[in-house]
file my_file_24.txt (compact mmCIF, C-alpha atoms)
# COMPACT_ATOMS: atom_id res chain seq x y z
CA MET A 189 49.24 94.72 -36.01
CA GLU A 190 47.57 92.87 -33.12
CA LEU A 191 44.65 90.47 -32.69
CA ILE A 192 42.92 91.39 -29.43
CA HIS A 193 39.21 91.07 -30.25
CA ARG A 194 37.65 87.61 -30.12
CA ASN A 195 35.01 88.30 -32.79
CA LEU A 196 37.78 89.17 -35.27
CA ALA A 197 39.55 85.86 -34.56
CA ILE A 198 36.29 83.95 -35.10
CA GLY A 199 35.68 85.88 -38.34
CA ILE A 200 39.15 85.02 -39.67
CA HIS A 201 38.67 81.34 -38.68
CA ASP A 202 35.33 81.07 -40.50
CA ALA A 203 36.62 82.83 -43.61
CA LEU A 204 39.66 80.51 -43.79
CA GLN A 205 37.44 77.45 -43.35
CA GLU A 206 35.23 78.60 -46.21
CA THR A 207 38.18 79.40 -48.51
CA PHE A 208 40.09 76.17 -47.90
CA PHE A 209 37.27 73.65 -47.59
CA GLU A 210 34.21 74.81 -49.51
CA LYS A 211 34.00 74.27 -53.25
CA ASN A 212 34.41 77.28 -55.58
CA LYS A 213 34.90 79.76 -52.73
CA TYR A 214 37.53 82.37 -53.59
CA ALA A 215 39.36 84.41 -50.97
CA ASP A 216 38.50 87.85 -52.38
CA LYS A 217 34.75 87.11 -52.37
CA VAL A 218 34.87 85.37 -48.98
CA ILE A 219 36.55 88.34 -47.29
CA GLU A 220 34.23 90.78 -49.06
CA ARG A 221 31.18 88.95 -47.65
CA LEU A 222 32.71 88.75 -44.16
CA LEU A 223 33.39 92.50 -44.05
CA LYS A 224 29.91 93.29 -45.40
CA ALA A 225 28.37 91.12 -42.67
CA HIS A 226 30.25 93.08 -39.96
CA ARG A 227 29.60 96.69 -40.84
CA LYS A 228 30.30 97.73 -37.23
CA TRP A 229 33.98 96.79 -37.50
CA GLY A 230 36.11 99.92 -37.78
CA SER A 231 38.70 100.46 -40.49
CA GLN A 232 41.49 99.26 -38.16
CA ASP A 233 39.62 96.01 -37.43
CA ARG A 234 38.99 95.44 -41.13
CA ALA A 235 42.66 95.95 -41.92
CA VAL A 236 43.68 93.43 -39.21
CA VAL A 237 41.20 90.82 -40.45
CA SER A 238 42.16 91.21 -44.14
CA GLU A 239 45.89 91.17 -43.52
CA ILE A 240 45.90 88.11 -41.24
CA PHE A 241 43.42 86.24 -43.49
CA TYR A 242 45.44 86.81 -46.67
CA ASN A 243 48.81 86.15 -45.00
CA ILE A 244 47.63 82.82 -43.61
CA ILE A 245 46.42 81.79 -47.08
CA ARG A 246 49.68 82.98 -48.62
CA TRP A 247 51.88 81.11 -46.11
CA LYS A 248 49.70 78.03 -45.56
CA LYS A 249 52.34 75.42 -46.50
CA ARG A 250 55.01 77.02 -44.35
CA LEU A 251 52.59 77.29 -41.41
CA GLU A 252 51.62 73.63 -41.83
CA TYR A 253 55.29 72.76 -41.41
CA TYR A 254 55.44 74.76 -38.16
CA MET A 255 52.21 73.06 -36.98
CA GLY A 256 53.54 69.63 -37.84
CA GLU A 257 50.36 68.70 -39.73
CA GLY A 258 48.28 69.63 -42.75
CA VAL A 259 45.40 72.05 -42.27
CA LYS A 260 41.98 70.44 -41.65
CA PRO A 261 38.56 71.95 -40.85
CA THR A 262 39.26 71.05 -37.18
CA ASN A 263 42.70 72.68 -36.72
CA ILE A 264 42.32 76.13 -38.25
CA TYR A 265 42.82 77.83 -34.87
CA LYS A 266 46.16 76.00 -34.61
CA LEU A 267 47.06 77.30 -38.08
CA MET A 268 46.20 80.82 -36.86
CA ILE A 269 48.39 80.41 -33.76
CA ALA A 270 51.30 79.23 -35.96
CA TYR A 271 50.92 82.41 -38.03
CA LEU A 272 50.62 84.71 -35.01
CA LEU A 273 53.77 83.22 -33.45
CA TRP A 274 55.74 83.23 -36.71
CA SER A 275 54.80 86.83 -37.57
CA LYS A 276 55.29 87.95 -33.92
CA THR A 277 51.75 89.35 -33.89
CA ASN A 278 50.48 90.32 -30.46
CA TYR A 279 47.32 88.34 -29.64
CA LYS A 280 44.98 87.56 -26.74
CA LYS A 281 44.58 83.94 -25.60
CA PHE A 282 40.91 83.44 -26.59
CA GLU A 283 39.12 80.28 -25.42
CA GLU A 284 39.23 79.00 -29.03
CA PHE A 285 43.02 78.72 -28.61
CA ASP A 286 42.74 76.52 -25.48
CA GLY A 287 44.50 73.18 -25.66
CA ILE A 288 46.71 74.10 -28.63
CA LYS A 289 50.27 72.96 -27.86
CA ILE A 290 52.57 75.78 -28.90
CA ALA A 291 55.86 74.30 -27.64
CA ASP A 292 56.46 72.27 -30.83
CA ILE A 293 55.67 75.28 -33.02
CA LEU A 294 58.11 77.44 -31.04
CA THR A 295 60.83 74.77 -31.30
CA LYS A 296 60.55 74.77 -35.10
CA LEU A 297 60.47 78.56 -35.25
CA LYS A 298 63.67 78.79 -33.18
CA LYS A 299 65.48 76.57 -35.72
CA ASN A 300 64.79 79.25 -38.34
CA THR A 301 65.15 76.79 -41.25
CA VAL A 302 62.69 74.84 -43.40
CA PRO A 303 63.40 71.56 -45.23
CA THR A 304 62.37 72.41 -48.82
CA LYS A 305 62.12 75.36 -51.22
CA ALA A 306 58.39 74.65 -51.64
CA ILE A 307 57.88 75.10 -47.89
CA GLU A 308 60.10 78.19 -47.83
CA HIS A 309 58.04 79.91 -50.53
CA SER A 310 54.79 78.25 -49.41
CA ILE A 311 53.73 76.59 -52.65
CA PRO A 312 52.83 72.99 -53.56
CA GLU A 313 55.83 70.76 -54.39
CA TRP A 314 54.62 70.23 -57.98
CA LEU A 315 54.50 74.00 -58.52
CA ALA A 316 58.06 74.49 -57.25
CA GLU A 317 59.18 71.85 -59.78
CA THR A 318 57.20 73.47 -62.63
CA LEU A 319 58.54 76.96 -61.87
CA GLU A 320 62.12 75.75 -61.67
CA LYS A 321 61.76 73.79 -64.91
CA GLU A 322 60.26 76.74 -66.81
CA LEU A 323 62.03 79.74 -65.25
CA GLY A 324 65.36 78.25 -64.21
CA SER A 325 67.19 79.71 -61.21
CA GLY A 326 65.20 82.97 -61.38
CA TRP A 327 62.01 81.27 -60.12
CA GLU A 328 62.75 81.99 -56.44
CA LYS A 329 63.09 85.73 -57.05
CA GLU A 330 59.66 85.69 -58.71
CA MET A 331 58.08 83.63 -55.92
CA HIS A 332 59.56 86.03 -53.36
CA ALA A 333 57.80 88.90 -55.18
CA LEU A 334 54.54 86.93 -55.51
CA ASN A 335 54.42 86.44 -51.74
CA GLU A 336 54.32 90.19 -51.14
CA GLN A 337 51.11 92.17 -50.81
CA ALA A 338 49.85 93.67 -54.07
CA ALA A 339 49.84 97.45 -54.39
CA THR A 340 46.46 99.07 -55.09
CA VAL A 341 46.68 100.70 -58.53
CA LEU A 342 43.88 102.64 -60.22
CA ARG A 343 43.48 103.52 -63.89
CA ALA A 344 42.33 107.10 -64.32
CA ASN A 345 39.44 107.06 -66.80
CA SER A 346 40.65 109.42 -69.53
CA LEU A 347 37.05 109.82 -70.79
CA LYS A 348 36.39 111.83 -67.62
CA THR A 349 39.62 112.88 -65.90
CA THR A 350 43.44 112.85 -65.82
CA PRO A 351 45.74 111.16 -63.27
CA LYS A 352 46.63 114.57 -61.74
CA GLU A 353 42.95 115.57 -61.38
CA LEU A 354 42.09 112.15 -59.95
CA ILE A 355 44.86 112.42 -57.34
CA SER A 356 43.49 115.80 -56.30
CA ASP A 357 39.88 114.48 -56.10
CA LEU A 358 40.98 111.48 -54.04
CA SER A 359 43.02 113.71 -51.75
CA ASP A 360 39.83 115.70 -51.00
CA GLU A 361 38.32 112.40 -49.81
CA GLY A 362 41.29 111.50 -47.62
CA VAL A 363 42.92 109.04 -50.03
CA VAL A 364 46.61 109.69 -50.75
CA ALA A 365 47.81 108.58 -54.20
CA TYR A 366 50.59 109.30 -56.70
CA THR A 367 51.36 108.79 -60.41
CA VAL A 368 53.45 105.84 -61.63
CA ARG A 369 56.38 106.43 -63.99
CA ASN A 370 55.97 104.93 -67.49
CA TYR A 371 52.27 104.15 -66.88
CA PRO A 372 50.34 107.09 -68.37
CA ASP A 373 46.97 106.36 -66.71
CA ALA A 374 48.11 104.72 -63.47
CA VAL A 375 47.60 106.13 -59.99
CA GLN A 376 48.89 104.17 -56.99
CA LEU A 377 47.52 104.40 -53.46
CA GLU A 378 49.87 105.24 -50.60
CA GLU A 379 48.04 102.67 -48.44
CA LYS A 380 45.12 100.25 -48.82
CA LYS A 381 41.76 102.05 -48.72
CA ASN A 382 38.24 101.06 -49.71
CA VAL A 383 38.15 103.31 -52.78
CA PHE A 384 34.75 101.96 -53.85
CA LEU A 385 33.12 104.22 -51.25
CA THR A 386 34.55 107.38 -52.82
CA THR A 387 32.56 109.86 -54.88
CA ALA A 388 35.34 109.63 -57.50
CA PHE A 389 34.51 105.93 -57.98
CA LYS A 390 30.74 106.49 -58.12
CA GLU A 391 31.30 109.16 -60.79
CA GLY A 392 33.33 106.71 -62.91
CA LEU A 393 36.62 108.60 -62.66
CA PHE A 394 38.67 105.40 -62.26
CA GLU A 395 38.76 101.61 -62.25
CA VAL A 396 40.97 99.45 -60.04
CA GLN A 397 43.43 97.89 -62.50
CA ASP A 398 47.00 96.73 -61.91
CA ALA A 399 49.73 98.69 -63.71
CA SER A 400 50.87 95.62 -65.71
CA SER A 401 47.33 94.99 -66.90
CA GLN A 402 47.14 98.60 -68.13
CA LYS A 403 50.03 97.93 -70.52
CA ILE A 404 47.89 95.58 -72.60
CA GLY A 405 45.48 98.26 -73.86
CA TYR A 406 48.40 100.32 -75.17
CA PHE A 407 50.07 97.24 -76.65
CA LEU A 408 47.02 96.58 -78.85
CA ASP A 409 47.62 99.91 -80.60
CA VAL A 410 43.92 100.79 -81.07
CA LYS A 411 42.82 103.81 -83.12
CA GLU A 412 39.65 105.87 -83.03
CA GLY A 413 36.97 104.52 -85.39
CA GLN A 414 38.26 100.93 -85.52
CA ARG A 415 36.27 97.77 -84.96
CA VAL A 416 37.81 96.05 -81.96
CA VAL A 417 36.92 92.73 -80.33
CA ASP A 418 37.76 91.84 -76.74
CA ALA A 419 37.29 88.08 -77.05
CA CYS A 420 37.56 87.05 -73.36
CA ALA A 421 36.21 90.27 -71.89
CA GLY A 422 35.09 89.03 -68.47
CA ALA A 423 33.84 91.93 -66.36
CA GLY A 424 35.63 94.28 -68.72
CA GLY A 425 38.62 95.95 -67.04
CA LYS A 426 40.61 95.95 -70.29
CA THR A 427 37.51 96.60 -72.43
CA LEU A 428 36.92 99.87 -70.58
CA HIS A 429 40.55 100.87 -71.05
CA LEU A 430 40.24 100.24 -74.80
CA ALA A 431 37.08 102.39 -74.91
CA ALA A 432 39.00 105.23 -73.22
CA LEU A 433 42.00 104.84 -75.58
CA MET A 434 39.59 105.04 -78.53
CA GLY A 435 37.95 108.17 -77.13
CA ASN A 436 34.56 106.41 -77.37
CA LYS A 437 34.88 106.43 -81.20
CA GLY A 438 34.51 103.23 -83.20
CA GLN A 439 33.08 99.96 -81.95
CA ILE A 440 34.17 97.47 -79.31
CA VAL A 441 32.51 94.06 -79.26
CA ALA A 442 33.00 92.45 -75.84
CA LEU A 443 32.62 88.68 -75.90
CA ASP A 444 32.48 86.20 -73.05
CA ILE A 445 31.02 82.78 -72.28
CA PHE A 446 29.43 84.07 -69.04
CA GLU A 447 26.32 86.26 -69.22
CA TRP A 448 26.78 87.55 -65.63
CA LYS A 449 30.25 88.90 -66.41
CA LEU A 450 28.91 90.82 -69.40
CA ALA A 451 26.09 92.22 -67.24
CA GLU A 452 28.72 93.53 -64.81
CA LEU A 453 30.67 94.99 -67.78
CA LYS A 454 27.55 96.90 -68.90
CA ARG A 455 27.15 98.36 -65.41
CA ARG A 456 30.80 99.41 -65.30
CA ALA A 457 30.66 100.87 -68.83
CA LYS A 458 27.66 103.02 -67.89
CA ARG A 459 29.48 104.39 -64.85
CA ALA A 460 32.64 105.03 -66.92
CA GLY A 461 30.71 106.81 -69.70
CA ALA A 462 31.99 104.28 -72.27
CA HIS A 463 29.35 104.27 -75.01
CA ASN A 464 31.05 102.34 -77.82
CA ILE A 465 30.86 98.85 -76.23
CA GLU A 466 28.47 96.14 -77.37
CA THR A 467 28.34 92.87 -75.39
CA ARG A 468 27.73 89.46 -76.97
CA MET A 469 27.64 86.16 -75.16
CA ILE A 470 29.47 83.30 -76.88
CA SER A 471 26.64 80.78 -76.83
CA ASP A 472 27.91 78.86 -79.88
CA ASN A 473 30.54 79.01 -82.68
CA LYS A 474 28.30 81.18 -84.85
CA VAL A 475 29.01 84.23 -82.69
CA ILE A 476 32.70 83.99 -83.66
CA LYS A 477 32.04 82.96 -87.27
CA ARG A 478 29.91 86.07 -87.91
CA LEU A 479 32.99 88.18 -87.09
CA HIS A 480 35.43 86.31 -89.38
CA ASP A 481 37.66 88.71 -91.41
CA LYS A 482 35.85 91.77 -90.00
CA VAL A 483 37.99 93.02 -87.13
CA ASP A 484 40.79 95.64 -87.06
CA ARG A 485 42.02 94.77 -83.57
CA LEU A 486 41.51 91.69 -81.42
CA LEU A 487 42.36 91.18 -77.75
CA ILE A 488 42.66 87.59 -76.52
CA ASP A 489 43.14 87.86 -72.77
CA ALA A 490 43.34 84.09 -72.53
CA PRO A 491 42.28 81.91 -69.61
CA CYS A 492 45.49 80.86 -67.83
CA SER A 493 47.01 79.49 -64.62
CA GLY A 494 46.99 82.98 -63.04
CA LEU A 495 50.50 82.41 -61.65
CA GLY A 496 51.43 86.03 -62.38
CA VAL A 497 48.74 87.36 -60.02
CA LEU A 498 49.32 85.27 -56.89
CA LYS A 499 49.99 88.52 -55.00
CA ARG A 500 46.30 89.32 -55.16
CA ASN A 501 44.89 85.78 -55.48
CA PRO A 502 47.11 83.70 -53.16
CA ASP A 503 44.44 81.02 -52.71
CA SER A 504 44.63 80.01 -56.38
CA LYS A 505 47.95 78.20 -55.83
CA TRP A 506 46.06 75.76 -53.56
CA LYS A 507 43.22 75.31 -56.06
CA ILE A 508 45.13 74.45 -59.26
CA ASP A 509 47.32 71.47 -60.20
CA GLN A 510 49.53 70.36 -63.10
CA ASP A 511 46.53 68.73 -64.84
CA PHE A 512 44.73 72.08 -64.77
CA ILE A 513 47.72 73.81 -66.38
CA ASP A 514 47.97 71.11 -69.09
CA ARG A 515 44.23 71.48 -69.82
CA ILE A 516 44.39 75.28 -69.95
CA LYS A 517 47.30 75.16 -72.43
CA LYS A 518 45.18 73.12 -74.85
CA GLU A 519 42.36 75.64 -74.41
CA GLN A 520 44.73 78.56 -75.08
CA GLN A 521 45.89 77.01 -78.36
CA GLN A 522 42.28 76.30 -79.40
CA ILE A 523 41.22 79.89 -78.64
CA LEU A 524 44.16 81.28 -80.64
CA GLN A 525 43.23 79.06 -83.61
CA ASP A 526 39.51 79.83 -83.54
CA TYR A 527 39.47 83.50 -82.59
CA SER A 528 42.37 84.70 -84.79
CA LYS A 529 40.10 84.19 -87.85
CA MET A 530 38.14 87.30 -86.78
CA LEU A 531 41.05 89.54 -87.89
CA LYS A 532 41.04 91.27 -91.27
CA VAL A 533 44.23 91.02 -93.32
CA GLY A 534 46.38 93.86 -91.93
CA GLY A 535 44.59 93.64 -88.58
CA LYS A 536 46.48 93.03 -85.33
CA MET A 537 45.78 91.00 -82.22
CA VAL A 538 47.25 90.74 -78.75
CA TYR A 539 47.51 87.35 -77.06
CA ALA A 540 47.87 88.03 -73.32
CA THR A 541 47.97 86.01 -70.11
CA CYS A 542 48.52 86.75 -66.43
CA SER A 543 50.91 83.80 -66.25
CA ILE A 544 54.70 83.76 -65.95
CA LEU A 545 55.17 80.31 -67.53
CA PRO A 546 56.79 80.33 -71.00
CA SER A 547 54.69 77.26 -71.87
CA GLU A 548 51.54 79.40 -71.59
CA ASN A 549 53.14 82.45 -73.19
CA ASN A 550 55.78 82.74 -75.93
CA LEU A 551 55.76 78.98 -76.58
CA GLN A 552 52.01 79.12 -77.30
CA VAL A 553 52.56 81.98 -79.75
CA GLU A 554 55.45 80.14 -81.45
CA GLU A 555 53.24 77.06 -81.83
CA PHE A 556 50.42 79.17 -83.31
CA LEU A 557 52.73 80.95 -85.79
CA LYS A 558 54.28 77.64 -86.86
CA ASN A 559 50.82 76.33 -87.83
CA ASN A 560 49.43 79.59 -89.29
CA ALA A 561 51.58 81.07 -92.04
CA GLY A 562 49.25 84.06 -92.53
CA TYR A 563 50.29 85.62 -89.22
CA LYS A 564 53.53 87.15 -87.97
CA MET A 565 54.82 88.35 -84.62
CA VAL A 566 55.26 92.13 -84.40
CA LYS A 567 56.65 92.20 -80.82
CA ASP A 568 56.11 90.71 -77.40
CA ASP A 569 56.72 91.73 -73.82
CA LYS A 570 56.79 90.00 -70.47
CA VAL A 571 56.36 91.75 -67.15
CA MET A 572 57.65 89.74 -64.19
CA PRO A 573 56.32 90.10 -60.61
CA SER A 574 59.84 91.06 -59.42
CA GLN A 575 59.39 94.30 -61.42
CA GLY A 576 56.86 95.41 -58.82
CA TYR A 577 53.42 94.67 -60.27
CA ASP A 578 51.52 91.62 -61.55
CA GLY A 579 53.16 89.16 -63.91
CA PHE A 580 51.83 89.41 -67.48
CA TYR A 581 52.74 88.33 -70.99
CA MET A 582 51.58 90.00 -74.21
CA ALA A 583 52.33 89.32 -77.87
CA LEU A 584 51.29 91.59 -80.76
CA ILE A 585 50.55 89.51 -83.87
CA GLU A 586 49.60 90.81 -87.31
CA ARG A 587 47.53 88.99 -89.92
CA VAL A 588 49.49 89.37 -93.15
CA SER A 589 47.47 87.22 -95.57
call {"tool": "encode", "arguments": {"input": "my_file_24.txt", "output": "structure tokens"}}
result
Amino acid sequence: MELIHRNLAIGIHDALQETFFEKNKYADKVIERLLKAHRKWGSQDRAVVSEIFYNIIRWKKRLEYYMGEGVKPTNIYKLMIAYLLWSKTNYKKFEEFDGIKIADILTKLKKNTVPTKAIEHSIPEWLAETLEKELGSGWEKEMHALNEQAATVLRANSLKTTPKELISDLSDEGVVAYTVRNYPDAVQLEEKKNVFLTTAFKEGLFEVQDASSQKIGYFLDVKEGQRVVDACAGAGGKTLHLAALMGNKGQIVALDIFEWKLAELKRRAKRAGAHNIETRMISDNKVIKRLHDKVDRLLIDAPCSGLGVLKRNPDSKWKIDQDFIDRIKKEQQQILQDYSKMLKVGGKMVYATCSILPSENNLQVEEFLKNNAGYKMVKDDKVMPSQGYDGFYMALIERVS
């Protein structure tokens, strides 16, 4: 890895500035726009830009320590230099780097120690405290895993193909992939590739979906012919998996509060050949009330802190705070209360989050069950980032009366 082209350095600088200092700008979308705007960059250049961009976001707090100051719109090139020196990345001395004093950075790097755990793992101090309080001594192992790059995992669309066939089709297009043990539909890429350009993608043979996320569809235990609701469907990654598990038989109602997400879901469903999905926007309470006591299976993929998916969304740790987590926990409890009424007696629901905090996970379920005698826990499962994929929690709950 080396940074020897000035236009790449400028691109990284501008993308970091946008991510850190512009409102509601998320790293994945920022980098996507940057790469689209520079179609002439080769695959090697794109890889360099993406890797350096994401690593600087991931390690921001640690790099600020090496710089001796917090990042500002005016010192992003200094932040970049701190990263290049720390990671021993070969770089050219572009004019944008003129005047940056590197002696102090090098002095700190030579010491090879940092003053706090939060700086070591590059997270806000409040988050280090929260993780330690909720996870105990195991929190550092999880943070270590969350600071690694996420693997690219696909879900073979069983409406159209099998993992083995998909691997063969991808191989024909120069993409090397392999199956993942204990994940029946998962196919993992040998190295990062833009799979959205492949014919296999255009034909709807797969979706990009982390292995942990694929567990949730199976956990819900759907059957052909059932009426299933995905209550926080978003752009529909899990909805599409449910459609495949149901063999397109039965009905899936995909709900969300955002119209644009449901529009994207419709596009994806068409490509995947999933015909049993109906989308409904939650514009008011009536949408939920009309479904009371009518549903065999319910998926609540609840809004959460996203702390289990920092591998792929490292910027979110700089955008949330303890107040946000406290607010989201109230929302989770409200959603559980309101949406669980859609289940028939004998129906089952999964409450899932991509968080690793017990206070968003099993403690929320315990609170719900304590206040709702008509429901019981069947089983739950937590997948931690140190197991290799995203961190997720899922609880299967049955309505018994």
call {"tool": "atom_distance", "arguments": {"input": "my_file_24.txt", "atom1": "atom CA of Ser359 of chain A", "atom2": "atom CA of Asn382 of chain A"}}
result
13.7 Å
call {"tool": "residues_near_point", "arguments": {"input": "my_file_24.txt", "point": "(35.7, 83.1, -45.6)", "cutoff": "7 Å", "atoms": "only C-alpha atoms", "output": "number ranges by chain"}}
result
A: 202-207, 215, 218-219, 222
call {"tool": "write_last_selection", "arguments": {"input": "my_file_24.txt", "atoms": "C-alpha atoms", "output": "PDB file, in the coordinates of the input"}}
result
ATOM      1  CA  ASP A 202      35.330  81.070 -40.500  1.00  0.00           C
ATOM      2  CA  ALA A 203      36.620  82.830 -43.610  1.00  0.00           C
ATOM      3  CA  LEU A 204      39.660  80.510 -43.790  1.00  0.00           C
ATOM      4  CA  GLN A 205      37.440  77.450 -43.350  1.00  0.00           C
ATOM      5  CA  GLU A 206      35.230  78.600 -46.210  1.00  0.00           C
ATOM      6  CA  THR A 207      38.180  79.400 -48.510  1.00  0.00           C
ATOM      7  CA  ALA A 215      39.360  84.410 -50.970  1.00  0.00           C
ATOM      8  CA  VAL A 218      34.870  85.370 -48.980  1.00  0.00           C
ATOM      9  CA  ILE A 219      36.550  88.340 -47.290  1.00  0.00           C
ATOM     10  CA  LEU A 222      32.710  88.750 -44.160  1.00  0.00           C
TER      11      LEU A 222
END
call {"tool": "residues_around", "arguments": {"input": "my_file_24.txt", "residues": "Met572 of chain A", "least_positions_apart": "3", "cutoff": "8 Å", "atoms": "all atoms listed in the file", "output": "list in words"}}
result
Glu330, Gly496, Ile544, Gln575, Gly576, Tyr577, Asp578, Gly579 and Phe580 of chain A
call {"tool": "residues_around", "arguments": {"input": "my_file_24.txt", "residues": "His309 of chain A", "least_positions_apart": "3", "cutoff": "7 Å", "atoms": "only C-alpha atoms", "output": "ChimeraX atom specification"}}
result
/A:305-306,331-332
call {"tool": "closest_atom_pairs", "arguments": {"input": "my_file_24.txt", "of": "segment 417-481 of chain A", "to": "segment 344-356 of chain A", "cutoff": "10 Å", "atoms": "all atoms listed in the file", "output": "CSV"}}
result
residue,atom,partner,partner_atom,distance
A:Leu428,CA,A:Asn345,CA,8.5
A:His429,CA,A:Asn345,CA,7.6
A:Ala431,CA,A:Leu347,CA,8.5
A:Ala432,CA,A:Leu347,CA,5.5
A:Leu433,CA,A:Ser346,CA,7.7
A:Met434,CA,A:Leu347,CA,9.4
A:Gly435,CA,A:Leu347,CA,6.6
A:Asn436,CA,A:Leu347,CA,7.8
A:Ala460,CA,A:Asn345,CA,7.1
A:Gly461,CA,A:Leu347,CA,7.1
A:Ala462,CA,A:Leu347,CA,7.6
call {"tool": "write_last_selection", "arguments": {"input": "my_file_24.txt", "atoms": "C-alpha atoms", "output": "PDB file, in the coordinates of the input"}}
result
ATOM      1  CA  LEU A 428      36.920  99.870 -70.580  1.00  0.00           C
ATOM      2  CA  HIS A 429      40.550 100.870 -71.050  1.00  0.00           C
ATOM      3  CA  ALA A 431      37.080 102.390 -74.910  1.00  0.00           C
ATOM      4  CA  ALA A 432      39.000 105.230 -73.220  1.00  0.00           C
ATOM      5  CA  LEU A 433      42.000 104.840 -75.580  1.00  0.00           C
ATOM      6  CA  MET A 434      39.590 105.040 -78.530  1.00  0.00           C
ATOM      7  CA  GLY A 435      37.950 108.170 -77.130  1.00  0.00           C
ATOM      8  CA  ASN A 436      34.560 106.410 -77.370  1.00  0.00           C
ATOM      9  CA  ALA A 460      32.640 105.030 -66.920  1.00  0.00           C
ATOM     10  CA  GLY A 461      30.710 106.810 -69.700  1.00  0.00           C
ATOM     11  CA  ALA A 462      31.990 104.280 -72.270  1.00  0.00           C
TER      12      ALA A 462
END
call {"tool": "residues_around", "arguments": {"input": "my_file_24.txt", "residues": "Cys420 of chain A", "least_positions_apart": "4", "cutoff": "6 Å", "atoms": "only C-alpha atoms", "output": "PDB file with C-alpha atoms, keeping the file's coordinate frame"}}
result
ATOM      1  CA  LEU A 443      32.620  88.680 -75.900  1.00  0.00           C
ATOM      2  CA  ASP A 444      32.480  86.200 -73.050  1.00  0.00           C
ATOM      3  CA  ASP A 489      43.140  87.860 -72.770  1.00  0.00           C
TER       4      ASP A 489
END
call {"tool": "closest_residue", "arguments": {"input": "my_file_24.txt", "among": "A:Trp506, A:Asp418, A:Arg485, A:Pro491", "to": "Glu466 of chain A", "atoms": "all atoms listed in the file"}}
result
A:Asp418
call {"tool": "atom_distance", "arguments": {"input": "my_file_24.txt", "atom1": "atom CA of Pro502 of chain A", "atom2": "atom CA of Ile245 of chain A"}}
result
6.4 Å
call {"tool": "residues_around", "arguments": {"input": "my_file_24.txt", "residues": "Tyr279 of chain A", "least_positions_apart": "3", "cutoff": "6 Å", "atoms": "all atoms listed in the file", "output": "ChimeraX atom specification"}}
result
/A:190-192
call {"tool": "residues_around", "arguments": {"input": "my_file_24.txt", "residues": "Leu498 of chain A", "least_positions_apart": "5", "cutoff": "9 Å", "atoms": "all atoms listed in the file", "output": "list in words"}}
result
Arg246, Met331, Leu334, Asn335, Ala338, Asp503, Ser504, Lys505, Asp578 and Gly579 of chain A
call {"tool": "write_last_selection", "arguments": {"input": "my_file_24.txt", "atoms": "C-alpha atoms", "output": "short mmCIF file (atom, residue, chain, number, x, y, z; two decimals), in the coordinates of the input"}}
result
data_model
loop_
_atom_site.label_atom_id
_atom_site.label_comp_id
_atom_site.auth_asym_id
_atom_site.auth_seq_id
_atom_site.Cartn_x
_atom_site.Cartn_y
_atom_site.Cartn_z
CA ARG A 246 49.68 82.98 -48.62
CA MET A 331 58.08 83.63 -55.92
CA LEU A 334 54.54 86.93 -55.51
CA ASN A 335 54.42 86.44 -51.74
CA ALA A 338 49.85 93.67 -54.07
CA ASP A 503 44.44 81.02 -52.71
CA SER A 504 44.63 80.01 -56.38
CA LYS A 505 47.95 78.20 -55.83
CA ASP A 578 51.52 91.62 -61.55
CA GLY A 579 53.16 89.16 -63.91
#
call {"tool": "closest_residue", "arguments": {"input": "my_file_24.txt", "among": "A:Gln521, A:Ser493, A:Ser231, A:Ser401", "to": "Leu545 of chain A", "atoms": "all atoms listed in the file"}}
result
A:Ser493
call {"tool": "residues_near_point", "arguments": {"input": "my_file_24.txt", "point": "(63.0, 83.2, -68.0)", "cutoff": "9 Å", "atoms": "only C-alpha atoms", "output": "PyMOL selection string"}}
result
chain A and resi 322-327+544-546
call {"tool": "closest_residue", "arguments": {"input": "my_file_24.txt", "among": "A:Lys529, A:Arg250, A:Ile290, A:Leu273", "to": "Glu313 of chain A", "atoms": "only C-alpha atoms"}}
result
A:Arg250
call {"tool": "axis_aligned_box", "arguments": {"input": "my_file_24.txt", "around": "segment 361-365 of chain A", "padding_each_side": "6 Å", "output": "AutoDock Vina command-line options"}}
result
--center_x 43.1 --center_y 110.5 --center_z -50.9 --size_x 21.5 --size_y 15.8 --size_z 18.6
call {"tool": "closest_residue", "arguments": {"input": "my_file_24.txt", "among": "A:Gly230, A:Gly562, A:Gly422, A:Gly405", "to": "Ala540 of chain A", "atoms": "all atoms listed in the file"}}
result
A:Gly405
call {"tool": "atom_distance", "arguments": {"input": "my_file_24.txt", "atom1": "atom CA of Leu408 of chain A", "atom2": "atom CA of Leu319 of chain A"}}
result
28.4 Å
